[in-house]
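First comes the structure, then the notes that go with it.
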Amino acid sequence: MSKLLETAKENLQFLGVCLLIVIAIFLVAAFTERWIRKKNHMAADVSPARRVAIVGVFSAISAVLMLFELPLWFAPGFYELDFSEIPVMICAFSMGPVAGVTAELCKVLLKLVIKGTSTAFVGDFANFVVGCTLVLPASVVYYSKKSKKMAMIGLGIGTLIMTVFGSSFNALYLLPKFSQLFGMPMEAIIGMGTAVNSHIHSVWTLVLFAVVPFNILKGAAVSVITVLLYKHISPILKRNA
């Protein structure tokens with residue numbers, strides 16, 4: 001019974017941390033978007049109903065893309081590359097940081113409904129938080145002054161923040177929490193890294209040689225494809241707004 005209570009306590013604590021971080025991210029997105037709109041005297045260019053519809057469509061596309069993951073030769077099997085951030089980024093560029101964060105959250109929730117979780121929800125939470133560290137800064141920079149140059153600057157800043165924050169967050173919280181909730185010893189997790197790269201022998205070397213290049217690769221891929229697609233999709237999204 002004590003073991004069951006301890007497990008329930010751990011799960012509730014994790015849920016509490018998740019809710020607090022999700023709320024904090026939405027508050028940051030709402031505050032920055034409101035500040036940018038006020039500063040630039042921007043009026044709403046999309047009706048609320050159309051906004052909800054667009055966020056829903058891009059969330060659904062992202063959820064489907066999230067199901068197709070590519071294994072990476074330099075990282076353990078639980079780090080796989082997907083391109084679900086691309087529709088989220090396009091949504092954020094088109095309608096602002098709040099829409100982007102909302103699409104990111106809806107994407108993860110839809111994926112859980114479709115496929116469930118294989119990481120005790122830690123990987124799904126990580127996907128949302130780390131995804132937001134790319135989407136939120138990039139959309140804030142671009143939304144402040146919409147131009148191709150600012151889009152590229154924003155995506156570069158977003159990739160940098162995602163790499164630094166995402167990697168540190170993995171080492172300090174996500175990997176230990178995954179070990180705890182999934183019931184896999186940290187030594188076994190590190191061993192999966194060692195199997196693909198002999199230089200990996202600790203949490204921080206796992207992050208350095210697997211998580212850092214993973215985030216850089218994902219950020220670069222999302223950035224390039226977003227820049228190529230957005231100029232073609234943006235006019236369609238704003239048509240009859």
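Every chain in the structure tokens has a letter given in the order shown (A, B, ...), and although residue numbers restart at 1 in each chain, ligands are simply numbered from 1 in the order shown.
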List as CSV every residue of range 61-151 of chain A that is in contact with range 181-192 of chain A, defined as an atom at most 10 Å from one of its atoms (using only C-alpha atoms), together with the nearest atom pair and the distance in Å rounded to one decimal, sorted by chain and then rising number.
residue,atom,partner,partner_atom,distance
A:Ala75,CA,A:Met192,CA,8.5
A:Pro76,CA,A:Met192,CA,5.6
A:Gly77,CA,A:Met192,CA,7.9
A:Phe78,CA,A:Met192,CA,9.3
A:Ser118,CA,A:Phe182,CA,9.0
A:Thr119,CA,A:Phe182,CA,6.6
A:Ala120,CA,A:Phe182,CA,5.7
A:Phe121,CA,A:Leu181,CA,8.9
A:Val122,CA,A:Leu181,CA,8.2
Could you write out that same residue set with N, CA and C atoms as a CSV table (one decimal), in the first residue's frame?
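What ended up in out.csv:
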chain,number,residue,atom,x,y,z
A,75,ALA,N,21.7,9.0,-31.3
A,75,ALA,CA,20.9,9.1,-30.1
A,75,ALA,C,20.2,7.8,-29.7
A,76,PRO,N,19.9,7.6,-28.5
A,76,PRO,CA,19.2,6.4,-28.1
A,76,PRO,C,17.8,6.4,-28.7
A,77,GLY,N,17.1,5.2,-28.8
A,77,GLY,CA,15.9,5.1,-29.5
A,77,GLY,C,14.7,5.9,-29.0
A,78,PHE,N,14.8,6.4,-27.7
A,78,PHE,CA,13.7,7.3,-27.3
A,78,PHE,C,13.8,8.7,-27.7
A,118,SER,N,4.1,6.2,-24.4
A,118,SER,CA,5.0,5.1,-24.2
A,118,SER,C,6.2,5.5,-23.2
A,119,THR,N,6.0,6.7,-22.7
A,119,THR,CA,7.1,7.3,-21.8
A,119,THR,C,6.6,7.8,-20.5
A,120,ALA,N,5.5,7.3,-20.0
A,120,ALA,CA,4.9,7.7,-18.7
A,120,ALA,C,4.5,9.2,-18.8
A,121,PHE,N,4.2,9.7,-20.0
A,121,PHE,CA,3.8,11.1,-20.2
A,121,PHE,C,5.0,12.1,-20.1
A,122,VAL,N,6.1,11.6,-19.7
A,122,VAL,CA,7.3,12.5,-19.6
A,122,VAL,C,7.7,13.0,-21.0
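When only C-alpha atoms are used to compute distances to Lys148 in chain A, the closest of the residues A:Leu15, A:Met42, A:Val28, A:Val227 turns out to be A:Val227.
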Near range 54-62 of chain A, 10 Å: range 81-160 of chain A residue rows, closest pairs, only C-alpha atoms, as JSON lines:
{"residue": "A:Asp82", "atom": "CA", "partner": "A:Ser62", "partner_atom": "CA", "distance": 9.5}
{"residue": "A:Phe83", "atom": "CA", "partner": "A:Ser62", "partner_atom": "CA", "distance": 7.7}
{"residue": "A:Ser84", "atom": "CA", "partner": "A:Ser62", "partner_atom": "CA", "distance": 4.4}
{"residue": "A:Glu85", "atom": "CA", "partner": "A:Ser62", "partner_atom": "CA", "distance": 6.7}
{"residue": "A:Ile86", "atom": "CA", "partner": "A:Ser62", "partner_atom": "CA", "distance": 7.5}
{"residue": "A:Pro87", "atom": "CA", "partner": "A:Phe58", "partner_atom": "CA", "distance": 5.5}
{"residue": "A:Val88", "atom": "CA", "partner": "A:Phe58", "partner_atom": "CA", "distance": 6.4}
{"residue": "A:Met89", "atom": "CA", "partner": "A:Phe58", "partner_atom": "CA", "distance": 9.4}
{"residue": "A:Ile90", "atom": "CA", "partner": "A:Phe58", "partner_atom": "CA", "distance": 8.4}
{"residue": "A:Cys91", "atom": "CA", "partner": "A:Val55", "partner_atom": "CA", "distance": 6.7}
{"residue": "A:Ala92", "atom": "CA", "partner": "A:Val55", "partner_atom": "CA", "distance": 9.0}
{"residue": "A:Ser94", "atom": "CA", "partner": "A:Ile54", "partner_atom": "CA", "distance": 9.7}
{"residue": "A:Met95", "atom": "CA", "partner": "A:Val55", "partner_atom": "CA", "distance": 8.9}
{"residue": "A:Ala99", "atom": "CA", "partner": "A:Val55", "partner_atom": "CA", "distance": 6.5}
{"residue": "A:Gly100", "atom": "CA", "partner": "A:Val55", "partner_atom": "CA", "distance": 7.9}
{"residue": "A:Val101", "atom": "CA", "partner": "A:Val55", "partner_atom": "CA", "distance": 9.8}
{"residue": "A:Thr102", "atom": "CA", "partner": "A:Val55", "partner_atom": "CA", "distance": 7.4}
{"residue": "A:Ala103", "atom": "CA", "partner": "A:Ser59", "partner_atom": "CA", "distance": 4.9}
{"residue": "A:Glu104", "atom": "CA", "partner": "A:Ser59", "partner_atom": "CA", "distance": 6.9}
{"residue": "A:Leu105", "atom": "CA", "partner": "A:Ser59", "partner_atom": "CA", "distance": 8.2}
{"residue": "A:Cys106", "atom": "CA", "partner": "A:Ser59", "partner_atom": "CA", "distance": 5.8}
{"residue": "A:Lys107", "atom": "CA", "partner": "A:Ser59", "partner_atom": "CA", "distance": 4.7}
{"residue": "A:Val108", "atom": "CA", "partner": "A:Ser59", "partner_atom": "CA", "distance": 8.5}
{"residue": "A:Leu109", "atom": "CA", "partner": "A:Ser59", "partner_atom": "CA", "distance": 9.4}
{"residue": "A:Leu110", "atom": "CA", "partner": "A:Ala60", "partner_atom": "CA", "distance": 7.1}
{"residue": "A:Lys111", "atom": "CA", "partner": "A:Ala60", "partner_atom": "CA", "distance": 8.8}
Residues flagged alpha helix (DSSP H) by DSSP in range 7-228 of chain A, as JSON, numbers by chain: {"A": [7, 8, 9, 10, 11, 12, 13, 14, 15, 16, 17, 18, 19, 20, 21, 22, 23, 24, 25, 26, 27, 28, 29, 30, 31, 32, 33, 34, 35, 36, 37, 38, 39, 40, 48, 49, 50, 51, 52, 53, 54, 55, 56, 57, 58, 59, 60, 61, 62, 63, 64, 65, 66, 85, 86, 87, 88, 89, 90, 91, 92, 93, 94, 95, 97, 98, 99, 100, 101, 102, 103, 104, 105, 106, 107, 108, 109, 110, 111, 112, 113, 114, 115, 122, 123, 124, 125, 126, 127, 128, 129, 130, 131, 132, 133, 134, 135, 136, 137, 138, 139, 140, 141, 142, 143, 144, 148, 149, 150, 151, 152, 153, 154, 155, 156, 157, 158, 159, 160, 161, 162, 163, 164, 165, 166, 167, 168, 169, 175, 176, 177, 178, 179, 180, 181, 182, 186, 187, 188, 189, 190, 191, 192, 193, 194, 195, 196, 203, 204, 205, 206, 212, 213, 214, 215, 216, 217, 218, 219, 220, 221, 222, 223, 224, 225, 226, 227, 228]}
From A:Met66, A:Phe178, A:Pro97, A:Ile216, residue lying nearest Ala30 in chain A [only C-alpha atoms]: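 Ranked by minimum distance to Ala30 in chain A, first place goes to A:Pro97.
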